[in-house]
Amino acid sequence: MTTLPHRVLGALEQFNAAHPWDHNAHYHPWILRRLPRRFDSALDVGAGSGDLARLLAKRASTVHGIDSDRRIIAQARALTPPASHITFTTADALTAIPADSYDVITCVAAIHHLPFTDALTVFRRHLAPGGTLVILGLSRPTTAGDYLLGTVASPLNAATGWLKNRGGTAPRPVSMTALTRPADMSFPDIVREAR
């Protein structure tokens, strides 16, 4: 027998699956507001289907997107016009970033897939002097406030999916087919390690 909270969570999962929306893409305008209007080179770590890389290409001379998932990188290449100045590579973010330095490095919902401190060290090494690093990540809920925020956000997430899909059902966007895993660091741990 399942408990009421489990049934509610199951119902929300089914609803969200029928009315998906890309949370990461929701933050792309916020990320772009933190970047210079023009820059020479950008690296998008955990590029997924390439949505952010294609936006960065409107401001950058060259963009390189990397992801460890071969399947999603193939999707990124297929969705990107051949004449664009974007390259996509299946690569490990800790050991296989091209040796260049980048004016902008972005990492959206991917850093929790990596050893956090090692990833920050690698990103810093590849960031050009005066460059901009933007990381959007996840944290594991640990406090009552975290769980309260999750409880409030769950129905709002469902409502947003319903509104974005105009009340109809929809298949998951390509960007939502990349490999995922839950966050294992709490927010206080992230702050401590980042310092």
# chains A, B, ... in the order shown; residues from 1 in each chain; ligands from 1
$ residues_around --residues "stretch 25-37 of chain A" --least-positions-apart "6" --cutoff "8 Å" --atoms "only C-alpha atoms" --output "ChimeraX atom specification"
/A:51-52,56,59,104,132,134
$ residues_around --residues "A:Pro129" --least-positions-apart "3" --cutoff "12 Å" --atoms "only C-alpha atoms" --output "list in words"
Ser101, Tyr102, Asp103, Val104, Arg124, Arg125, His126, Thr132 and Leu133 of chain A
$ write_last_selection --atoms "C-alpha atoms" --output "JSON list (two decimals), in the first residue's frame"
[["chain", "number", "residue", "atom", "x", "y", "z"],
["A", 101, "SER", "CA", 41.25, 29.46, -22.96],
["A", 102, "TYR", "CA", 37.73, 30.86, -23.21],
["A", 103, "ASP", "CA", 36.26, 34.31, -22.59],
["A", 104, "VAL", "CA", 33.04, 32.68, -21.37],
["A", 124, "ARG", "CA", 39.37, 28.31, -13.82],
["A", 125, "ARG", "CA", 42.41, 26.99, -15.70],
["A", 126, "HIS", "CA", 40.56, 27.32, -19.04],
["A", 132, "THR", "CA", 33.19, 35.10, -17.19],
["A", 133, "LEU", "CA", 32.22, 31.77, -15.64]]
$ atom_distance --atom1 "atom CA of A:Ile97" --atom2 "atom CA of A:Arg172"
29.1 Å
$ closest_residue --among "A:Pro182, A:Gly150, A:Pro115, A:Gly168" --to "A:Ala194" --atoms "only C-alpha atoms"
A:Pro115
$ closest_atom_pairs --of "stretch 39-66 of chain A" --to "stretch 70-75 of chain A" --cutoff "9 Å" --atoms "only C-alpha atoms" --output "Markdown table"
| residue | atom | partner | partner_atom | distance |
| --- | --- | --- | --- | --- |
| A:Ala47 | CA | A:Ile73 | CA | 7.7 |
| A:Gly48 | CA | A:Ile72 | CA | 5.6 |
| A:Ser49 | CA | A:Ile72 | CA | 5.6 |
| A:Gly50 | CA | A:Ile73 | CA | 7.7 |
| A:Gly65 | CA | A:Ile73 | CA | 8.5 |
| A:Ile66 | CA | A:Ile73 | CA | 7.6 |
$ atom_distance --atom1 "atom CA of A:Thr62" --atom2 "atom CA of A:Ile86"
6.1 Å
$ atom_distance --atom1 "atom CA of A:Ala60" --atom2 "atom CA of A:Arg195"
29.2 Å
$ residues_around --residues "stretch 140-147 of chain A" --least-positions-apart "4" --cutoff "7 Å" --atoms "only C-alpha atoms" --output "JSON, numbers by chain"
{"A": [151, 183, 184, 185, 186]}
$ write_last_selection --atoms "N, CA, C and O atoms" --output "PDB file, in the first residue's frame"
ATOM      1  N   THR A 151       8.292  21.744  -1.758  1.00  0.00           N
ATOM      2  CA  THR A 151       6.850  21.504  -1.659  1.00  0.00           C
ATOM      3  C   THR A 151       6.055  22.596  -2.365  1.00  0.00           C
ATOM      4  O   THR A 151       5.076  22.317  -3.058  1.00  0.00           O
ATOM      5  N   ALA A 183      21.441  15.656  -7.447  1.00  0.00           N
ATOM      6  CA  ALA A 183      22.553  16.346  -6.793  1.00  0.00           C
ATOM      7  C   ALA A 183      22.911  15.622  -5.502  1.00  0.00           C
ATOM      8  O   ALA A 183      22.036  15.100  -4.815  1.00  0.00           O
ATOM      9  N   ASP A 184      24.201  15.616  -5.178  1.00  0.00           N
ATOM     10  CA  ASP A 184      24.610  14.971  -3.938  1.00  0.00           C
ATOM     11  C   ASP A 184      25.221  15.936  -2.925  1.00  0.00           C
ATOM     12  O   ASP A 184      25.515  15.566  -1.811  1.00  0.00           O
ATOM     13  N   MET A 185      25.407  17.206  -3.310  1.00  0.00           N
ATOM     14  CA  MET A 185      25.951  18.203  -2.391  1.00  0.00           C
ATOM     15  C   MET A 185      24.840  19.139  -1.919  1.00  0.00           C
ATOM     16  O   MET A 185      23.999  19.553  -2.713  1.00  0.00           O
ATOM     17  N   SER A 186      24.875  19.488  -0.648  1.00  0.00           N
ATOM     18  CA  SER A 186      23.936  20.480  -0.121  1.00  0.00           C
ATOM     19  C   SER A 186      24.431  21.870  -0.510  1.00  0.00           C
ATOM     20  O   SER A 186      25.601  22.052  -0.873  1.00  0.00           O
TER      21      SER A 186
END
$ closest_residue --among "A:Leu55, A:Ala170, A:Leu79, A:Val45" --to "A:Gly137" --atoms "only C-alpha atoms"
A:Val45
$ select_by_dssp --residues "stretch 52-135 of chain A" --states "helix (DSSP H, G or I)" --output "mmCIF file with C-alpha atoms, in the first residue's frame"
data_model
loop_
_atom_site.group_PDB
_atom_site.id
_atom_site.type_symbol
_atom_site.label_atom_id
_atom_site.label_comp_id
_atom_site.auth_asym_id
_atom_site.auth_seq_id
_atom_site.Cartn_x
_atom_site.Cartn_y
_atom_site.Cartn_z
ATOM 1 C CA LEU A 52 22.605 27.470 -24.924
ATOM 2 C CA ALA A 53 25.592 27.045 -27.279
ATOM 3 C CA ARG A 54 23.445 28.285 -30.172
ATOM 4 C CA LEU A 55 22.451 31.342 -28.110
ATOM 5 C CA LEU A 56 26.083 31.998 -27.173
ATOM 6 C CA ARG A 70 27.342 10.786 -27.240
ATOM 7 C CA ARG A 71 23.649 10.523 -28.054
ATOM 8 C CA ILE A 72 22.787 14.059 -26.932
ATOM 9 C CA ILE A 73 25.873 15.513 -28.687
ATOM 10 C CA ALA A 74 24.662 13.850 -31.902
ATOM 11 C CA GLN A 75 21.318 15.609 -31.347
ATOM 12 C CA ALA A 76 23.126 18.941 -30.787
ATOM 13 C CA ARG A 77 24.987 18.551 -34.072
ATOM 14 C CA ALA A 78 21.773 17.637 -35.914
ATOM 15 C CA LEU A 79 19.959 20.694 -34.521
ATOM 16 C CA ILE A 111 28.413 20.391 -12.359
ATOM 17 C CA HIS A 112 26.669 17.958 -10.003
ATOM 18 C CA HIS A 113 27.706 15.198 -12.439
ATOM 19 C CA PHE A 116 32.846 19.747 -7.751
ATOM 20 C CA THR A 117 36.209 21.154 -6.650
ATOM 21 C CA ASP A 118 38.086 19.464 -9.495
ATOM 22 C CA ALA A 119 35.591 20.872 -11.999
ATOM 23 C CA LEU A 120 35.961 24.429 -10.667
ATOM 24 C CA THR A 121 39.747 24.086 -10.837
ATOM 25 C CA VAL A 122 39.610 22.911 -14.471
ATOM 26 C CA PHE A 123 37.154 25.662 -15.441
ATOM 27 C CA ARG A 124 39.372 28.306 -13.816
ATOM 28 C CA ARG A 125 42.412 26.988 -15.697
ATOM 29 C CA HIS A 126 40.556 27.325 -19.039
#
$ select_by_dssp --residues "chain A" --states "strand (DSSP E or B)" --output "JSON, numbers by chain"
{"A": [39, 40, 41, 42, 43, 44, 45, 60, 61, 62, 63, 64, 65, 66, 67, 86, 87, 88, 89, 90, 102, 103, 104, 105, 106, 107, 108, 127, 128, 129, 130, 131, 132, 133, 134, 135, 136]}
$ write_last_selection --atoms "N, CA and C atoms" --output "short mmCIF file (atom, residue, chain, number, x, y, z; two decimals), in the first residue's frame"
data_model
loop_
_atom_site.label_atom_id
_atom_site.label_comp_id
_atom_site.auth_asym_id
_atom_site.auth_seq_id
_atom_site.Cartn_x
_atom_site.Cartn_y
_atom_site.Cartn_z
N PHE A 39 31.97 38.62 -27.31
CA PHE A 39 33.20 37.99 -26.82
C PHE A 39 33.71 37.06 -27.89
N ASP A 40 34.96 36.70 -27.76
CA ASP A 40 35.60 35.91 -28.81
C ASP A 40 35.22 34.43 -28.73
N SER A 41 35.41 33.82 -27.56
CA SER A 41 35.24 32.36 -27.48
C SER A 41 34.42 31.97 -26.26
N ALA A 42 33.66 30.88 -26.44
CA ALA A 42 32.84 30.37 -25.34
C ALA A 42 32.94 28.85 -25.31
N LEU A 43 32.84 28.32 -24.10
CA LEU A 43 32.78 26.88 -23.87
C LEU A 43 31.53 26.61 -23.07
N ASP A 44 30.70 25.70 -23.56
CA ASP A 44 29.49 25.29 -22.83
C ASP A 44 29.72 23.85 -22.36
N VAL A 45 29.90 23.68 -21.05
CA VAL A 45 30.16 22.37 -20.46
C VAL A 45 28.82 21.72 -20.12
N ALA A 60 29.35 35.30 -29.78
CA ALA A 60 30.74 34.86 -29.78
C ALA A 60 31.23 34.56 -31.19
N SER A 61 32.53 34.67 -31.38
CA SER A 61 33.13 34.29 -32.66
C SER A 61 33.17 32.78 -32.81
N THR A 62 33.48 32.09 -31.71
CA THR A 62 33.49 30.62 -31.73
C THR A 62 32.88 30.09 -30.44
N VAL A 63 32.19 28.97 -30.56
CA VAL A 63 31.59 28.31 -29.40
C VAL A 63 31.92 26.83 -29.49
N HIS A 64 32.31 26.28 -28.36
CA HIS A 64 32.57 24.84 -28.29
C HIS A 64 31.68 24.27 -27.20
N GLY A 65 30.89 23.27 -27.53
CA GLY A 65 30.04 22.59 -26.56
C GLY A 65 30.56 21.19 -26.31
N ILE A 66 30.64 20.80 -25.04
CA ILE A 66 31.05 19.43 -24.72
C ILE A 66 30.02 18.78 -23.81
N ASP A 67 29.90 17.49 -23.96
CA ASP A 67 29.02 16.70 -23.11
C ASP A 67 29.54 15.26 -23.14
N ILE A 86 29.95 26.78 -34.34
CA ILE A 86 29.83 26.00 -33.12
C ILE A 86 30.34 24.59 -33.40
N THR A 87 31.15 24.08 -32.49
CA THR A 87 31.55 22.68 -32.57
C THR A 87 31.06 21.96 -31.32
N PHE A 88 30.69 20.71 -31.48
CA PHE A 88 30.25 19.88 -30.36
C PHE A 88 31.14 18.65 -30.30
N THR A 89 31.56 18.31 -29.09
CA THR A 89 32.44 17.17 -28.88
C THR A 89 31.94 16.34 -27.71
N THR A 90 31.99 15.04 -27.87
CA THR A 90 31.75 14.16 -26.73
C THR A 90 33.06 14.13 -25.96
N TYR A 102 39.03 30.38 -22.73
CA TYR A 102 37.73 30.86 -23.21
C TYR A 102 37.35 32.14 -22.47
N ASP A 103 36.75 33.07 -23.20
CA ASP A 103 36.26 34.31 -22.59
C ASP A 103 35.04 34.05 -21.73
N VAL A 104 34.24 33.06 -22.11
CA VAL A 104 33.04 32.68 -21.37
C VAL A 104 33.00 31.17 -21.23
N ILE A 105 32.73 30.71 -20.02
CA ILE A 105 32.47 29.29 -19.79
C ILE A 105 31.14 29.19 -19.07
N THR A 106 30.24 28.38 -19.62
CA THR A 106 28.95 28.14 -18.98
C THR A 106 28.85 26.66 -18.63
N CYS A 107 28.11 26.40 -17.57
CA CYS A 107 27.89 25.02 -17.13
C CYS A 107 26.51 25.00 -16.47
N VAL A 108 25.53 24.49 -17.20
CA VAL A 108 24.15 24.52 -16.72
C VAL A 108 23.70 23.11 -16.34
N LEU A 127 39.64 29.42 -18.21
CA LEU A 127 39.01 30.73 -18.33
C LEU A 127 40.07 31.78 -18.63
N ALA A 128 39.85 32.56 -19.70
CA ALA A 128 40.79 33.62 -20.06
C ALA A 128 40.81 34.68 -18.97
N PRO A 129 41.92 35.40 -18.82
CA PRO A 129 41.97 36.50 -17.84
C PRO A 129 40.83 37.48 -18.10
N GLY A 130 40.10 37.81 -17.05
CA GLY A 130 38.95 38.71 -17.17
C GLY A 130 37.71 38.04 -17.73
N GLY A 131 37.77 36.72 -17.93
CA GLY A 131 36.64 35.99 -18.49
C GLY A 131 35.50 35.83 -17.50
N THR A 132 34.40 35.27 -17.99
CA THR A 132 33.19 35.10 -17.19
C THR A 132 32.84 33.62 -17.11
N LEU A 133 32.66 33.14 -15.89
CA LEU A 133 32.22 31.77 -15.64
C LEU A 133 30.82 31.84 -15.04
N VAL A 134 29.86 31.17 -15.67
CA VAL A 134 28.50 31.11 -15.14
C VAL A 134 28.13 29.65 -14.94
N ILE A 135 27.82 29.32 -13.69
CA ILE A 135 27.41 27.96 -13.36
C ILE A 135 26.02 28.01 -12.77
N LEU A 136 25.14 27.22 -13.32
CA LEU A 136 23.79 27.06 -12.79
C LEU A 136 23.70 25.61 -12.37
#
$ residues_around --residues "stretch 5-9 of chain A" --least-positions-apart "6" --cutoff "12 Å" --atoms "only C-alpha atoms" --output "VMD selection string"
chain A and resid 15 to 16 150 to 151 154 to 155 158
$ write_last_selection --atoms "N, CA and C atoms" --output "PDB file, in the first residue's frame"
ATOM      1  N   PHE A  15       1.849  13.923 -14.379  1.00  0.00           N
ATOM      2  CA  PHE A  15       1.395  15.196 -14.948  1.00  0.00           C
ATOM      3  C   PHE A  15       2.552  15.917 -15.627  1.00  0.00           C
ATOM      4  N   ASN A  16       3.710  15.974 -14.934  1.00  0.00           N
ATOM      5  CA  ASN A  16       4.881  16.654 -15.505  1.00  0.00           C
ATOM      6  C   ASN A  16       5.369  15.959 -16.772  1.00  0.00           C
ATOM      7  N   GLY A 150      10.751  23.039  -1.988  1.00  0.00           N
ATOM      8  CA  GLY A 150      10.394  21.975  -2.925  1.00  0.00           C
ATOM      9  C   GLY A 150       8.906  21.689  -2.934  1.00  0.00           C
ATOM     10  N   THR A 151       8.292  21.744  -1.758  1.00  0.00           N
ATOM     11  CA  THR A 151       6.850  21.504  -1.659  1.00  0.00           C
ATOM     12  C   THR A 151       6.055  22.596  -2.365  1.00  0.00           C
ATOM     13  N   SER A 154       6.736  22.345  -6.389  1.00  0.00           N
ATOM     14  CA  SER A 154       6.169  21.211  -7.142  1.00  0.00           C
ATOM     15  C   SER A 154       4.872  21.554  -7.864  1.00  0.00           C
ATOM     16  N   PRO A 155       3.860  22.114  -7.188  1.00  0.00           N
ATOM     17  CA  PRO A 155       2.648  22.458  -7.933  1.00  0.00           C
ATOM     18  C   PRO A 155       2.861  23.613  -8.909  1.00  0.00           C
ATOM     19  N   ALA A 158       4.234  22.106 -12.044  1.00  0.00           N
ATOM     20  CA  ALA A 158       3.163  21.467 -12.817  1.00  0.00           C
ATOM     21  C   ALA A 158       2.325  22.512 -13.555  1.00  0.00           C
TER      22      ALA A 158
END
$ decode --residues "stretch 35-46 of chain A" --atoms "all heavy atoms" --output "CSV table (one decimal), in the first residue's frame"
chain,number,residue,atom,x,y,z
A,35,LEU,N,26.5,38.0,-19.2
A,35,LEU,CA,27.6,37.9,-20.1
A,35,LEU,C,27.8,39.2,-20.9
A,35,LEU,O,26.9,40.0,-21.1
A,35,LEU,CB,27.4,36.8,-21.1
A,35,LEU,CG,27.2,35.4,-20.5
A,35,LEU,CD1,26.9,34.4,-21.6
A,35,LEU,CD2,28.4,35.0,-19.7
A,36,PRO,N,29.1,39.5,-21.4
A,36,PRO,CA,29.3,40.6,-22.2
A,36,PRO,C,28.5,40.5,-23.5
A,36,PRO,O,28.1,39.4,-23.9
A,36,PRO,CB,30.8,40.5,-22.6
A,36,PRO,CG,31.4,39.6,-21.6
A,36,PRO,CD,30.3,38.7,-21.1
A,37,ARG,N,28.2,41.7,-24.2
A,37,ARG,CA,27.5,41.7,-25.4
A,37,ARG,C,28.2,40.9,-26.5
A,37,ARG,O,27.6,40.3,-27.4
A,37,ARG,CB,27.2,43.1,-25.9
A,37,ARG,CG,26.2,43.8,-25.0
A,37,ARG,CD,25.0,44.3,-25.8
A,37,ARG,NE,24.0,44.9,-24.9
A,37,ARG,CZ,22.9,44.3,-24.6
A,37,ARG,NH1,22.7,43.1,-25.1
A,37,ARG,NH2,22.0,44.9,-23.8
A,38,ARG,N,29.5,41.1,-26.6
A,38,ARG,CA,30.3,40.4,-27.6
A,38,ARG,C,31.5,39.8,-26.9
A,38,ARG,O,32.1,40.4,-25.9
A,38,ARG,CB,30.8,41.3,-28.7
A,38,ARG,CG,29.8,41.9,-29.6
A,38,ARG,CD,29.1,40.9,-30.6
A,38,ARG,NE,30.1,40.1,-31.3
A,38,ARG,CZ,29.8,39.0,-31.9
A,38,ARG,NH1,28.7,38.4,-31.7
A,38,ARG,NH2,30.7,38.3,-32.5
A,39,PHE,N,32.0,38.6,-27.3
A,39,PHE,CA,33.2,38.0,-26.8
A,39,PHE,C,33.7,37.1,-27.9
A,39,PHE,O,33.0,36.7,-28.8
A,39,PHE,CB,33.0,37.3,-25.5
A,39,PHE,CG,31.7,36.5,-25.4
A,39,PHE,CD1,31.7,35.1,-25.8
A,39,PHE,CD2,30.5,37.0,-25.0
A,39,PHE,CE1,30.5,34.4,-25.7
A,39,PHE,CE2,29.4,36.3,-24.9
A,39,PHE,CZ,29.4,35.0,-25.3
A,40,ASP,N,35.0,36.7,-27.8
A,40,ASP,CA,35.6,35.9,-28.8
A,40,ASP,C,35.2,34.4,-28.7
A,40,ASP,O,34.8,33.9,-29.7
A,40,ASP,CB,37.1,36.1,-28.7
A,40,ASP,CG,37.8,35.4,-29.9
A,40,ASP,OD1,37.3,35.6,-31.1
A,40,ASP,OD2,38.8,34.7,-29.7
A,41,SER,N,35.4,33.8,-27.6
A,41,SER,CA,35.2,32.4,-27.5
A,41,SER,C,34.4,32.0,-26.3
A,41,SER,O,34.5,32.6,-25.2
A,41,SER,CB,36.6,31.7,-27.4
A,41,SER,OG,37.3,32.1,-26.3
A,42,ALA,N,33.7,30.9,-26.4
A,42,ALA,CA,32.8,30.4,-25.3
A,42,ALA,C,32.9,28.9,-25.3
A,42,ALA,O,33.1,28.2,-26.3
A,42,ALA,CB,31.4,30.8,-25.5
A,43,LEU,N,32.8,28.3,-24.1
A,43,LEU,CA,32.8,26.9,-23.9
A,43,LEU,C,31.5,26.6,-23.1
A,43,LEU,O,31.3,27.2,-22.0
A,43,LEU,CB,34.0,26.4,-23.1
A,43,LEU,CG,34.0,25.0,-22.6
A,43,LEU,CD1,34.1,24.0,-23.8
A,43,LEU,CD2,35.1,24.7,-21.6
A,44,ASP,N,30.7,25.7,-23.6
A,44,ASP,CA,29.5,25.3,-22.8
A,44,ASP,C,29.7,23.8,-22.4
A,44,ASP,O,29.7,22.9,-23.2
A,44,ASP,CB,28.3,25.4,-23.7
A,44,ASP,CG,27.0,25.1,-23.0
A,44,ASP,OD1,26.9,25.3,-21.7
A,44,ASP,OD2,26.0,24.8,-23.6
A,45,VAL,N,29.9,23.7,-21.1
A,45,VAL,CA,30.2,22.4,-20.5
A,45,VAL,C,28.8,21.7,-20.1
A,45,VAL,O,28.0,22.3,-19.5
A,45,VAL,CB,31.0,22.5,-19.2
A,45,VAL,CG1,31.2,21.1,-18.6
A,45,VAL,CG2,32.3,23.2,-19.5
A,46,GLY,N,28.6,20.5,-20.6
A,46,GLY,CA,27.3,19.8,-20.4
A,46,GLY,C,26.3,20.4,-21.4
A,46,GLY,O,25.2,20.7,-21.0
